[in-house]
Amino acid sequence: MDYFEIEGGVPLEGEIRVFSAKNSVLPMMSASLLAEEGTTVLRNVPDIADVRTMAEVLQRLGAEVKFDRRKNIMHINAENLTSYEAPYDLVSRMRASFLVMGPLLARFGIARVSQPGGCAIGARPIDQHIKGFIRLGAEVSEESGYTVARAKKLVGNTVVFDRPTHTGTENIMMSAVLARGRTVIVNAAQDPEIADLARMLNRMGAKIRGAGTSVITIDGVEKLRATSHTPIGDRLEAGTYLFGAIATRGKVRVKNIKPETLRTVLCKMMDMGAAVSTGRNFVQVEMTRRPRAVDIITDPFPGFPTDLQPMIMATLTIAEGTSVIWERIFENRFIHVMELQRLGANITISGDRATIVGVEHLDGATVMASDIRAGAGLVIAGLVARGKTVVKRVYHIDRGYQNLEERLAQLGARIRRLTED
Ligand code: EPZ
C-alpha cells in the first residue's frame with residue numbers, strides 16, 4: 001500500500017494547471033449513455049481511480065470506452081448498450097456510479113443499480129434521487145440491495161428537493177432530458193459542475209435552462225447525440241494547491257480555473273491575509289504572514305464547499321487566533337481532526353462544530369487518510385509541519401487527484417510516494 005513521506009517547511013511556489021473537475025467528468029461520463037449515436041469525447045480528464053471505476057461501469061453496460069491516459073482524453077460510444085445494471089462490486093467502490101441511474105432509466109425505461117450506501121463522511125442517503133424519479137413517473141423498488149427503477153416513458157413534472165443535492169440534481173436532470181414534456185427542478189443544487197453538465201447536455205440536443213441556479217427547467221426531447229466537451233477546471237484540486245500555498249507562506253498561480261467557482265473560498269483566503277489575484281482562467285495567492293483565524297460555515301454552493309473544509313482546517317491549525325468550523329453538509333466530516341491532533345493541532349469538536357486554536361507550529365508524525373479530501377488536508381498539514389510526516393492510505397487521495405505528490409513537488413514540496421511491503 002502506498003504512502004507519502006513529506007518534509008515540511010518549504011513554501012509552495014510556481015504555477016500549476018488543474019485538470020477537468022472530477023465532479024464534472026463523472027456525471028458527463030454517465031451522460032454519454034444518453035447518446036444513441038456518435039462518440040462522446042471528454043478532454044483534460046484526470047487519470048484518477050474514480051474515473052477508471054466509472055469507465056468500468058460504462059463498459060459493464062456495454063459502452064466502448066477508450067481513455068488515453070497520457071493525453072487525458074476519453075472517448076465513449078454508447079450506441080450498443082447490453083445491460084442496464086450497475087453491479088455491487090463497482091458501486092460499492094464508488095458511490096457516484098449511482099449517477100448512471102438517470103440516463104439508463106431515460107433511455108431504456110429500466111435501471112438496476114446497487115445501493116451506494118454510506119461512506120466515511122456520512123450515511124449519504126439517496127431518498128431525494130428516488131423521490132425525483134417517482135415524480136417523473138417511475139416505479140422504484142428495492143430488490144436485494146439494488147434500487148430498481150422502471151418507467152415505460154418518463155413524464156415531465158415538478159421535482160422539489162427537500163435540500164439541494166449535487167448528484168441528485170444531476171441524476172434527475174439526466175432523466176428529464178428524454179421525458180415527455182417539461183420538468184422543473186426546484187431547490188436544485190447550484191454547483192458549477194451542474195451548469196457545466198447542462199452545457200454538455202444542451203450540445204447533445206437537450207433543452208435545459210437555469211442550471212447553476214436553484215430552479216432548472218428541462219423540456220424533454222426525442223433523442224440525444226454524442227458531443228465533444230472540455231469540462232471546467234477542478235475547483236477542489238485548485239483549492240488544495242491554493243491552501244497549500246497559504247499554509248506554507250508561498251506564492252502559487254493555478255491555471256484553468258474560473259475564479260467565480262471559488263468566490264466564497266477566495267474571500268475567506270483574503271480574510272486570512274492572503275493576497276489574491278485573478279484573471280479569466282487563473283487564481284493566484286501569495287502569503288507572506290501567519291494566517292489570521294476565520295470562522296467557516298460549510299453550505300451548498302455558492303457557500304463554502306464542504307470538500308475544502310479539511311484543507312482550510314489544516315491551514316487554520318497554525319493561524320493566529322481561534323477559528324470555528326461549522327460542518328453543515330455531512331454528519332461525520334471531522335475524521336481528519338484526530339489525525340491533525342497527532343501533528344500537534346489544538347482542535348476540539350462539539351457536535352457539528354470544530355474549534356481550532358492556532359498553534360505556532362505542527363510537528364511531523366504518521367497520519368492516515370480516511371477519504372479523498374481528508375487525505376489532501378493531511379498532506380497540507382504535512383507540508384507545514386516541522387520534520388517528517390507520513391500520510392498512509394493514499395489510495396483515498398488517488399481517487400480524486402492525479403499524481404498529487406508529483407504535482408506538489410513541481411511547486412517545490414519535498415514529498416515522495418513510497419510503498420509499504
Ligand atoms: C457531491 O456528493 C460530491 N460528489 C461530493 O464530493 C460533495 O462532497 C457533495 O456533493 C457535497 O458538495 C460528486 O459530485 C460525485 P449531496 P453528493 O447529494 O451528490 C444529503 C468528493 O470529494 N442527501 O449534495 O452525494 C447528503 O447526505 C465528493 O469529490 C440526502 O439527505 O452530495 C448530504 O448531507 C465527496 N438525500 C447533503 O444532502 C439525498 O437523496 C448533500 O449531499 C441526497 C443527499
# chains A, B, ... in the order shown; residues from 1 in each chain; ligands from 1
>>> closest_atom_pairs(of="chain A", to="ligand 1", cutoff="8 Å", atoms="only C-alpha atoms and all ligand atoms", output="tab-separated table")
residue	atom	partner	partner_atom_place_in_ligand_line	distance
A:Lys22	CA	ligand 1	29 (O)	6.9
A:Asn23	CA	ligand 1	14 (O)	4.4
A:Ser24	CA	ligand 1	14 (O)	7.3
A:Leu26	CA	ligand 1	15 (C)	6.5
A:Pro27	CA	ligand 1	15 (C)	7.4
A:Arg95	CA	ligand 1	25 (O)	7.6
A:Ala96	CA	ligand 1	15 (C)	5.0
A:Gly122	CA	ligand 1	27 (O)	6.5
A:Ala123	CA	ligand 1	27 (O)	6.0
A:Arg124	CA	ligand 1	27 (O)	3.8
A:Pro125	CA	ligand 1	36 (N)	4.6
A:Ile126	CA	ligand 1	40 (O)	3.2
A:Asp127	CA	ligand 1	40 (O)	3.9
A:Gln128	CA	ligand 1	40 (O)	3.5
A:His129	CA	ligand 1	40 (O)	4.9
A:Ile130	CA	ligand 1	40 (O)	7.1
A:Arg163	CA	ligand 1	38 (O)	6.3
A:Pro164	CA	ligand 1	24 (O)	6.1
A:Thr165	CA	ligand 1	24 (O)	3.5
A:His166	CA	ligand 1	24 (O)	3.7
A:Thr167	CA	ligand 1	19 (O)	3.6
A:Gly168	CA	ligand 1	18 (O)	5.6
A:Thr169	CA	ligand 1	19 (O)	8.0
A:Ala189	CA	ligand 1	24 (O)	7.1
A:Asp191	CA	ligand 1	12 (O)	7.8
A:Leu236	CA	ligand 1	29 (O)	7.8
A:Pro300	CA	ligand 1	12 (O)	6.4
A:Phe301	CA	ligand 1	12 (O)	7.6
A:Pro305	CA	ligand 1	12 (O)	6.2
A:Thr306	CA	ligand 1	8 (O)	6.0
A:Asp307	CA	ligand 1	8 (O)	5.2
A:Arg328	CA	ligand 1	34 (O)	7.7
A:Ile329	CA	ligand 1	34 (O)	4.6
A:Phe330	CA	ligand 1	34 (O)	4.5
A:Glu331	CA	ligand 1	34 (O)	6.8
A:Asp371	CA	ligand 1	22 (O)	7.6
A:Ile372	CA	ligand 1	22 (O)	5.7
A:Arg373	CA	ligand 1	22 (O)	5.6
A:Gly400	CA	ligand 1	29 (O)	6.6
>>> select_by_dssp(residues="segment 213-325 of chain A", states="strand (DSSP E)", output="PyMOL selection string")
chain A and resi 215-219+224-225+228-229+251-255+275-279+282-286+296-297+322-325
>>> write_last_selection(atoms="N, CA, C and O atoms", output="compact mmCIF listing (two decimals), in the first residue's frame")
# COMPACT_ATOMS: atom_id res chain seq x y z
N VAL A 215 -33.49 26.85 -9.66
CA VAL A 215 -34.64 26.36 -10.43
C VAL A 215 -34.19 26.02 -11.85
O VAL A 215 -33.69 26.89 -12.57
N ILE A 216 -34.33 24.75 -12.22
CA ILE A 216 -33.86 24.30 -13.53
C ILE A 216 -35.06 23.80 -14.33
O ILE A 216 -35.86 23.01 -13.80
N THR A 217 -35.18 24.26 -15.57
CA THR A 217 -36.29 23.84 -16.43
C THR A 217 -35.75 22.98 -17.57
O THR A 217 -34.77 23.37 -18.23
N ILE A 218 -36.37 21.81 -17.75
CA ILE A 218 -35.91 20.89 -18.79
C ILE A 218 -37.10 20.52 -19.68
O ILE A 218 -38.11 19.99 -19.17
N ASP A 219 -37.01 20.80 -20.99
CA ASP A 219 -38.05 20.35 -21.92
C ASP A 219 -37.57 19.08 -22.62
O ASP A 219 -36.51 19.11 -23.28
N LEU A 224 -30.86 12.10 -28.10
CA LEU A 224 -29.65 12.91 -27.95
C LEU A 224 -28.51 12.25 -28.72
O LEU A 224 -28.50 11.03 -28.90
N ARG A 225 -27.58 13.10 -29.19
CA ARG A 225 -26.43 12.55 -29.91
C ARG A 225 -25.15 12.98 -29.17
O ARG A 225 -25.17 13.94 -28.39
N SER A 228 -18.49 16.59 -28.13
CA SER A 228 -17.17 16.72 -27.50
C SER A 228 -17.27 17.84 -26.48
O SER A 228 -18.00 18.82 -26.68
N HIS A 229 -16.54 17.69 -25.37
CA HIS A 229 -16.66 18.70 -24.32
C HIS A 229 -15.40 18.75 -23.48
O HIS A 229 -14.78 17.70 -23.22
N LYS A 251 3.73 31.23 -2.83
CA LYS A 251 3.05 32.01 -3.90
C LYS A 251 2.78 31.06 -5.05
O LYS A 251 3.74 30.52 -5.65
N VAL A 252 1.50 30.80 -5.33
CA VAL A 252 1.14 29.82 -6.36
C VAL A 252 0.07 30.39 -7.28
O VAL A 252 -0.89 31.03 -6.82
N ARG A 253 0.25 30.18 -8.59
CA ARG A 253 -0.78 30.53 -9.57
C ARG A 253 -1.37 29.23 -10.11
O ARG A 253 -0.63 28.35 -10.59
N VAL A 254 -2.69 29.10 -9.99
CA VAL A 254 -3.38 27.91 -10.50
C VAL A 254 -4.11 28.31 -11.79
O VAL A 254 -4.89 29.28 -11.79
N LYS A 255 -3.83 27.58 -12.88
CA LYS A 255 -4.44 27.92 -14.17
C LYS A 255 -5.54 26.92 -14.52
O LYS A 255 -5.65 25.86 -13.91
N ALA A 275 -2.83 37.54 -0.31
CA ALA A 275 -3.02 38.45 -1.45
C ALA A 275 -3.53 37.58 -2.59
O ALA A 275 -2.86 36.62 -2.99
N VAL A 276 -4.75 37.88 -3.09
CA VAL A 276 -5.38 37.05 -4.12
C VAL A 276 -5.49 37.87 -5.40
O VAL A 276 -5.98 39.00 -5.37
N SER A 277 -5.00 37.31 -6.51
CA SER A 277 -5.24 37.99 -7.79
C SER A 277 -5.86 36.97 -8.75
O SER A 277 -5.59 35.76 -8.64
N THR A 278 -6.72 37.47 -9.63
CA THR A 278 -7.44 36.53 -10.52
C THR A 278 -7.47 37.07 -11.95
O THR A 278 -7.28 38.26 -12.19
N GLY A 279 -7.69 36.15 -12.88
CA GLY A 279 -7.90 36.50 -14.29
C GLY A 279 -9.03 35.62 -14.79
O GLY A 279 -9.61 34.84 -14.02
N PHE A 282 -7.49 31.99 -14.22
CA PHE A 282 -6.47 31.62 -13.23
C PHE A 282 -6.77 32.30 -11.90
O PHE A 282 -7.52 33.29 -11.82
N VAL A 283 -6.20 31.72 -10.83
CA VAL A 283 -6.24 32.33 -9.50
C VAL A 283 -4.82 32.24 -8.94
O VAL A 283 -4.16 31.21 -9.08
N GLN A 284 -4.36 33.33 -8.34
CA GLN A 284 -3.02 33.33 -7.71
C GLN A 284 -3.16 33.79 -6.28
O GLN A 284 -3.90 34.72 -5.98
N VAL A 285 -2.46 33.10 -5.36
CA VAL A 285 -2.42 33.56 -3.97
C VAL A 285 -0.96 33.73 -3.57
O VAL A 285 -0.08 32.99 -4.02
N GLU A 286 -0.72 34.73 -2.73
CA GLU A 286 0.60 34.94 -2.13
C GLU A 286 0.40 35.19 -0.64
O GLU A 286 -0.48 35.96 -0.26
N ILE A 296 -15.85 29.45 9.67
CA ILE A 296 -16.35 28.86 8.42
C ILE A 296 -17.67 28.15 8.68
O ILE A 296 -17.83 27.47 9.70
N ILE A 297 -18.61 28.33 7.77
CA ILE A 297 -19.84 27.51 7.75
C ILE A 297 -19.87 26.83 6.39
O ILE A 297 -19.85 27.51 5.35
N THR A 322 -8.26 31.99 17.15
CA THR A 322 -9.13 30.81 17.24
C THR A 322 -10.20 30.85 16.15
O THR A 322 -10.82 31.91 15.94
N SER A 323 -10.38 29.72 15.47
CA SER A 323 -11.37 29.63 14.37
C SER A 323 -12.43 28.60 14.77
O SER A 323 -12.13 27.66 15.51
N VAL A 324 -13.62 28.78 14.25
CA VAL A 324 -14.68 27.77 14.44
C VAL A 324 -15.18 27.34 13.06
O VAL A 324 -15.50 28.19 12.21
N ILE A 325 -15.21 26.03 12.84
CA ILE A 325 -15.75 25.49 11.58
C ILE A 325 -17.05 24.77 11.90
O ILE A 325 -17.07 23.86 12.73
>>> closest_atom_pairs(of="segment 277-354 of chain A", to="segment 269-272 of chain A", cutoff="7 Å", atoms="only C-alpha atoms", output="CSV")
residue,atom,partner,partner_atom,distance
A:Pro291,CA,A:Met272,CA,5.1
A:Arg292,CA,A:Met272,CA,4.5
A:Ala293,CA,A:Met272,CA,6.3
A:Val294,CA,A:Met272,CA,6.6
>>> closest_residue(among="A:Val65, A:Val367, A:Ala120, A:Ile134", to="Ser32 of chain A", atoms="only C-alpha atoms")
A:Val65
>>> residues_around(residues="Asp196 of chain A", least_positions_apart="3", cutoff="7 Å", atoms="only C-alpha atoms", output="mmCIF file with N, CA, C and O atoms, in the first residue's frame")
data_model
loop_
_atom_site.group_PDB
_atom_site.id
_atom_site.type_symbol
_atom_site.label_atom_id
_atom_site.label_comp_id
_atom_site.auth_asym_id
_atom_site.auth_seq_id
_atom_site.Cartn_x
_atom_site.Cartn_y
_atom_site.Cartn_z
ATOM 1 N N SER A 24 -17.335 16.995 -12.477
ATOM 2 C CA SER A 24 -17.977 17.239 -13.783
ATOM 3 C C SER A 24 -17.820 15.993 -14.650
ATOM 4 O O SER A 24 -18.752 15.547 -15.309
ATOM 5 N N PRO A 192 -21.125 24.672 -9.831
ATOM 6 C CA PRO A 192 -20.716 24.978 -11.211
ATOM 7 C C PRO A 192 -20.672 23.744 -12.116
ATOM 8 O O PRO A 192 -20.909 23.824 -13.312
ATOM 9 N N GLU A 193 -20.420 22.571 -11.518
ATOM 10 C CA GLU A 193 -20.343 21.346 -12.319
ATOM 11 C C GLU A 193 -21.710 20.995 -12.905
ATOM 12 O O GLU A 193 -21.819 20.317 -13.925
ATOM 13 N N ARG A 199 -24.525 22.357 -19.961
ATOM 14 C CA ARG A 199 -23.971 22.857 -21.226
ATOM 15 C C ARG A 199 -23.677 21.686 -22.155
ATOM 16 O O ARG A 199 -23.984 21.708 -23.346
ATOM 17 N N MET A 200 -23.108 20.634 -21.600
ATOM 18 C CA MET A 200 -22.803 19.450 -22.438
ATOM 19 C C MET A 200 -24.094 18.806 -22.948
ATOM 20 O O MET A 200 -24.226 18.500 -24.152
ATOM 21 N N PRO A 231 -14.611 19.798 -19.837
ATOM 22 C CA PRO A 231 -15.237 20.225 -18.575
ATOM 23 C C PRO A 231 -14.455 21.369 -17.924
ATOM 24 O O PRO A 231 -13.284 21.585 -18.229
ATOM 25 N N ILE A 232 -15.103 22.054 -17.017
ATOM 26 C CA ILE A 232 -14.445 23.158 -16.280
ATOM 27 C C ILE A 232 -13.321 22.602 -15.406
ATOM 28 O O ILE A 232 -13.310 21.413 -15.057
#
>>> residues_around(residues="segment 99-105 of chain A", least_positions_apart="2", cutoff="7 Å", atoms="only C-alpha atoms", output="list in words")
Pro27, Ser30, Ala31, Leu33, Leu34, Tyr84, Ala96, Ser97, Arg107, Phe108, Gly109, Ile110, Ala111, Val113, Ala149, Arg150, Thr167, Asn171, Ile172, Met174 and Ser175 of chain A
>>> residues_around(residues="Asn72 of chain A", least_positions_apart="2", cutoff="6 Å", atoms="only C-alpha atoms", output="mmCIF file with all heavy atoms, in the first residue's frame")
data_model
loop_
_atom_site.group_PDB
_atom_site.id
_atom_site.type_symbol
_atom_site.label_atom_id
_atom_site.label_comp_id
_atom_site.auth_asym_id
_atom_site.auth_seq_id
_atom_site.Cartn_x
_atom_site.Cartn_y
_atom_site.Cartn_z
ATOM 1 N N ASN A 44 -9.004 16.700 -21.102
ATOM 2 C CA ASN A 44 -8.323 17.116 -19.863
ATOM 3 C C ASN A 44 -8.837 16.314 -18.666
ATOM 4 O O ASN A 44 -8.903 16.803 -17.550
ATOM 5 C CB ASN A 44 -8.557 18.632 -19.637
ATOM 6 C CG ASN A 44 -7.509 19.216 -18.709
ATOM 7 O OD1 ASN A 44 -6.392 18.698 -18.608
ATOM 8 N ND2 ASN A 44 -7.868 20.265 -17.997
ATOM 9 N N VAL A 45 -9.218 15.055 -18.960
ATOM 10 C CA VAL A 45 -9.789 14.174 -17.926
ATOM 11 C C VAL A 45 -8.674 13.677 -17.016
ATOM 12 O O VAL A 45 -7.682 13.099 -17.493
ATOM 13 C CB VAL A 45 -10.485 12.973 -18.595
ATOM 14 C CG1 VAL A 45 -10.962 11.970 -17.541
ATOM 15 C CG2 VAL A 45 -11.662 13.450 -19.454
ATOM 16 N N ASP A 68 -7.233 7.685 -23.190
ATOM 17 C CA ASP A 68 -5.808 7.928 -23.458
ATOM 18 C C ASP A 68 -5.246 8.625 -22.229
ATOM 19 O O ASP A 68 -5.404 9.850 -22.064
ATOM 20 C CB ASP A 68 -5.650 8.809 -24.704
ATOM 21 C CG ASP A 68 -4.175 9.043 -25.036
ATOM 22 O OD1 ASP A 68 -3.334 8.989 -24.097
ATOM 23 O OD2 ASP A 68 -3.860 9.261 -26.222
ATOM 24 N N ARG A 69 -4.606 7.827 -21.349
ATOM 25 C CA ARG A 69 -4.206 8.361 -20.047
ATOM 26 C C ARG A 69 -3.039 9.331 -20.175
ATOM 27 O O ARG A 69 -2.815 10.147 -19.306
ATOM 28 C CB ARG A 69 -3.855 7.187 -19.105
ATOM 29 C CG ARG A 69 -5.059 6.305 -18.854
ATOM 30 C CD ARG A 69 -4.717 4.984 -18.206
ATOM 31 N NE ARG A 69 -4.225 5.161 -16.847
ATOM 32 C CZ ARG A 69 -4.025 4.139 -16.004
ATOM 33 N NH1 ARG A 69 -4.246 2.903 -16.411
ATOM 34 N NH2 ARG A 69 -3.588 4.333 -14.788
ATOM 35 N N ARG A 70 -2.276 9.234 -21.284
ATOM 36 C CA ARG A 70 -1.182 10.197 -21.468
ATOM 37 C C ARG A 70 -1.734 11.561 -21.885
ATOM 38 O O ARG A 70 -1.336 12.599 -21.404
ATOM 39 C CB ARG A 70 -0.190 9.682 -22.522
ATOM 40 C CG ARG A 70 1.059 9.029 -21.923
ATOM 41 C CD ARG A 70 2.088 8.576 -22.943
ATOM 42 N NE ARG A 70 1.562 8.389 -24.272
ATOM 43 C CZ ARG A 70 1.602 9.335 -25.231
ATOM 44 N NH1 ARG A 70 2.115 10.521 -24.939
ATOM 45 N NH2 ARG A 70 1.107 9.097 -26.432
#
>>> closest_atom_pairs(of="segment 212-242 of chain A", to="segment 374-392 of chain A", cutoff="10 Å", atoms="only C-alpha atoms", output="JSON lines")
{"residue": "A:Glu237", "atom": "CA", "partner": "A:Ala376", "partner_atom": "CA", "distance": 9.2}
{"residue": "A:Thr240", "atom": "CA", "partner": "A:Ala376", "partner_atom": "CA", "distance": 7.0}
{"residue": "A:Tyr241", "atom": "CA", "partner": "A:Ile380", "partner_atom": "CA", "distance": 8.7}
>>> residues_around(residues="Met94 of chain A", least_positions_apart="3", cutoff="9 Å", atoms="only C-alpha atoms", output="MDAnalysis selection string")
chainID A and resid 50 53:54 90:91 97:98 116
>>> closest_residue(among="A:Ile194, A:Ile312, A:Ala274, A:Phe19", to="Lys71 of chain A", atoms="only C-alpha atoms")
A:Phe19
>>> atom_distance(atom1="atom CA of Ser92 of chain A", atom2="atom CA of His396 of chain A")
14.0 Å
>>> closest_residue(among="A:Pro11, A:Met204, A:Pro302, A:Ala49", to="Met28 of chain A", atoms="only C-alpha atoms")
A:Met204
>>> decode(residues="segment 33-44 of chain A", atoms="all heavy atoms", output="PDB file, in the first residue's frame")
ATOM      1  N   LEU A  33     -24.168   7.973 -21.822  1.00  0.00           N
ATOM      2  CA  LEU A  33     -25.080   6.829 -22.036  1.00  0.00           C
ATOM      3  C   LEU A  33     -26.353   7.275 -22.761  1.00  0.00           C
ATOM      4  O   LEU A  33     -27.077   6.446 -23.329  1.00  0.00           O
ATOM      5  CB  LEU A  33     -25.462   6.193 -20.697  1.00  0.00           C
ATOM      6  CG  LEU A  33     -24.334   5.565 -19.891  1.00  0.00           C
ATOM      7  CD1 LEU A  33     -24.822   5.201 -18.487  1.00  0.00           C
ATOM      8  CD2 LEU A  33     -23.786   4.324 -20.617  1.00  0.00           C
ATOM      9  N   LEU A  34     -26.626   8.564 -22.736  1.00  0.00           N
ATOM     10  CA  LEU A  34     -27.858   9.076 -23.341  1.00  0.00           C
ATOM     11  C   LEU A  34     -27.724   9.211 -24.863  1.00  0.00           C
ATOM     12  O   LEU A  34     -28.723   9.362 -25.567  1.00  0.00           O
ATOM     13  CB  LEU A  34     -28.200  10.451 -22.753  1.00  0.00           C
ATOM     14  CG  LEU A  34     -28.641  10.458 -21.283  1.00  0.00           C
ATOM     15  CD1 LEU A  34     -28.529  11.860 -20.690  1.00  0.00           C
ATOM     16  CD2 LEU A  34     -30.075   9.932 -21.151  1.00  0.00           C
ATOM     17  N   ALA A  35     -26.476   9.155 -25.363  1.00  0.00           N
ATOM     18  CA  ALA A  35     -26.249   9.415 -26.796  1.00  0.00           C
ATOM     19  C   ALA A  35     -26.524   8.149 -27.603  1.00  0.00           C
ATOM     20  O   ALA A  35     -25.784   7.159 -27.482  1.00  0.00           O
ATOM     21  CB  ALA A  35     -24.819   9.871 -27.022  1.00  0.00           C
ATOM     22  N   GLU A  36     -27.582   8.181 -28.419  1.00  0.00           N
ATOM     23  CA  GLU A  36     -27.923   6.997 -29.233  1.00  0.00           C
ATOM     24  C   GLU A  36     -27.036   6.892 -30.458  1.00  0.00           C
ATOM     25  O   GLU A  36     -26.983   5.862 -31.116  1.00  0.00           O
ATOM     26  CB  GLU A  36     -29.397   7.070 -29.661  1.00  0.00           C
ATOM     27  CG  GLU A  36     -30.340   6.924 -28.479  1.00  0.00           C
ATOM     28  CD  GLU A  36     -31.797   6.938 -28.927  1.00  0.00           C
ATOM     29  OE1 GLU A  36     -32.077   6.586 -30.088  1.00  0.00           O
ATOM     30  OE2 GLU A  36     -32.636   7.338 -28.102  1.00  0.00           O
ATOM     31  N   GLU A  37     -26.371   7.997 -30.797  1.00  0.00           N
ATOM     32  CA  GLU A  37     -25.430   7.904 -31.930  1.00  0.00           C
ATOM     33  C   GLU A  37     -24.218   8.788 -31.661  1.00  0.00           C
ATOM     34  O   GLU A  37     -24.314   9.803 -30.959  1.00  0.00           O
ATOM     35  CB  GLU A  37     -26.131   8.310 -33.224  1.00  0.00           C
ATOM     36  CG  GLU A  37     -26.693   9.729 -33.198  1.00  0.00           C
ATOM     37  CD  GLU A  37     -27.541  10.014 -34.434  1.00  0.00           C
ATOM     38  OE1 GLU A  37     -28.544   9.293 -34.647  1.00  0.00           O
ATOM     39  OE2 GLU A  37     -27.183  10.955 -35.169  1.00  0.00           O
ATOM     40  N   GLY A  38     -23.091   8.324 -32.186  1.00  0.00           N
ATOM     41  CA  GLY A  38     -21.855   9.109 -32.082  1.00  0.00           C
ATOM     42  C   GLY A  38     -21.029   8.733 -30.866  1.00  0.00           C
ATOM     43  O   GLY A  38     -21.445   7.938 -30.020  1.00  0.00           O
ATOM     44  N   THR A  39     -19.854   9.334 -30.831  1.00  0.00           N
ATOM     45  CA  THR A  39     -18.889   9.068 -29.753  1.00  0.00           C
ATOM     46  C   THR A  39     -18.664  10.344 -28.941  1.00  0.00           C
ATOM     47  O   THR A  39     -18.336  11.384 -29.501  1.00  0.00           O
ATOM     48  CB  THR A  39     -17.547   8.581 -30.353  1.00  0.00           C
ATOM     49  OG1 THR A  39     -17.769   7.339 -31.020  1.00  0.00           O
ATOM     50  CG2 THR A  39     -16.496   8.373 -29.249  1.00  0.00           C
ATOM     51  N   THR A  40     -18.847  10.216 -27.618  1.00  0.00           N
ATOM     52  CA  THR A  40     -18.589  11.349 -26.709  1.00  0.00           C
ATOM     53  C   THR A  40     -17.087  11.488 -26.516  1.00  0.00           C
ATOM     54  O   THR A  40     -16.376  10.484 -26.349  1.00  0.00           O
ATOM     55  CB  THR A  40     -19.261  11.078 -25.357  1.00  0.00           C
ATOM     56  OG1 THR A  40     -20.681  11.034 -25.550  1.00  0.00           O
ATOM     57  CG2 THR A  40     -18.925  12.163 -24.340  1.00  0.00           C
ATOM     58  N   VAL A  41     -16.588  12.723 -26.582  1.00  0.00           N
ATOM     59  CA  VAL A  41     -15.165  12.993 -26.321  1.00  0.00           C
ATOM     60  C   VAL A  41     -15.072  13.976 -25.152  1.00  0.00           C
ATOM     61  O   VAL A  41     -15.694  15.039 -25.172  1.00  0.00           O
ATOM     62  CB  VAL A  41     -14.463  13.605 -27.556  1.00  0.00           C
ATOM     63  CG1 VAL A  41     -12.981  13.851 -27.259  1.00  0.00           C
ATOM     64  CG2 VAL A  41     -14.626  12.686 -28.772  1.00  0.00           C
ATOM     65  N   LEU A  42     -14.317  13.568 -24.106  1.00  0.00           N
ATOM     66  CA  LEU A  42     -14.091  14.452 -22.947  1.00  0.00           C
ATOM     67  C   LEU A  42     -12.598  14.724 -22.849  1.00  0.00           C
ATOM     68  O   LEU A  42     -11.783  13.787 -22.965  1.00  0.00           O
ATOM     69  CB  LEU A  42     -14.605  13.782 -21.658  1.00  0.00           C
ATOM     70  CG  LEU A  42     -16.120  13.509 -21.595  1.00  0.00           C
ATOM     71  CD1 LEU A  42     -16.466  12.716 -20.322  1.00  0.00           C
ATOM     72  CD2 LEU A  42     -16.919  14.806 -21.653  1.00  0.00           C
ATOM     73  N   ARG A  43     -12.222  15.981 -22.630  1.00  0.00           N
ATOM     74  CA  ARG A  43     -10.813  16.377 -22.651  1.00  0.00           C
ATOM     75  C   ARG A  43     -10.318  16.778 -21.256  1.00  0.00           C
ATOM     76  O   ARG A  43     -11.108  17.134 -20.377  1.00  0.00           O
ATOM     77  CB  ARG A  43     -10.620  17.573 -23.592  1.00  0.00           C
ATOM     78  CG  ARG A  43     -10.990  17.275 -25.039  1.00  0.00           C
ATOM     79  CD  ARG A  43     -10.629  18.432 -25.973  1.00  0.00           C
ATOM     80  NE  ARG A  43     -11.352  18.310 -27.242  1.00  0.00           N
ATOM     81  CZ  ARG A  43     -12.601  18.799 -27.441  1.00  0.00           C
ATOM     82  NH1 ARG A  43     -13.214  19.405 -26.447  1.00  0.00           N
ATOM     83  NH2 ARG A  43     -13.211  18.638 -28.592  1.00  0.00           N
ATOM     84  N   ASN A  44      -9.004  16.700 -21.102  1.00  0.00           N
ATOM     85  CA  ASN A  44      -8.323  17.116 -19.863  1.00  0.00           C
ATOM     86  C   ASN A  44      -8.837  16.314 -18.666  1.00  0.00           C
ATOM     87  O   ASN A  44      -8.903  16.803 -17.550  1.00  0.00           O
ATOM     88  CB  ASN A  44      -8.557  18.632 -19.637  1.00  0.00           C
ATOM     89  CG  ASN A  44      -7.509  19.216 -18.709  1.00  0.00           C
ATOM     90  OD1 ASN A  44      -6.392  18.698 -18.608  1.00  0.00           O
ATOM     91  ND2 ASN A  44      -7.868  20.265 -17.997  1.00  0.00           N
TER      92      ASN A  44
END
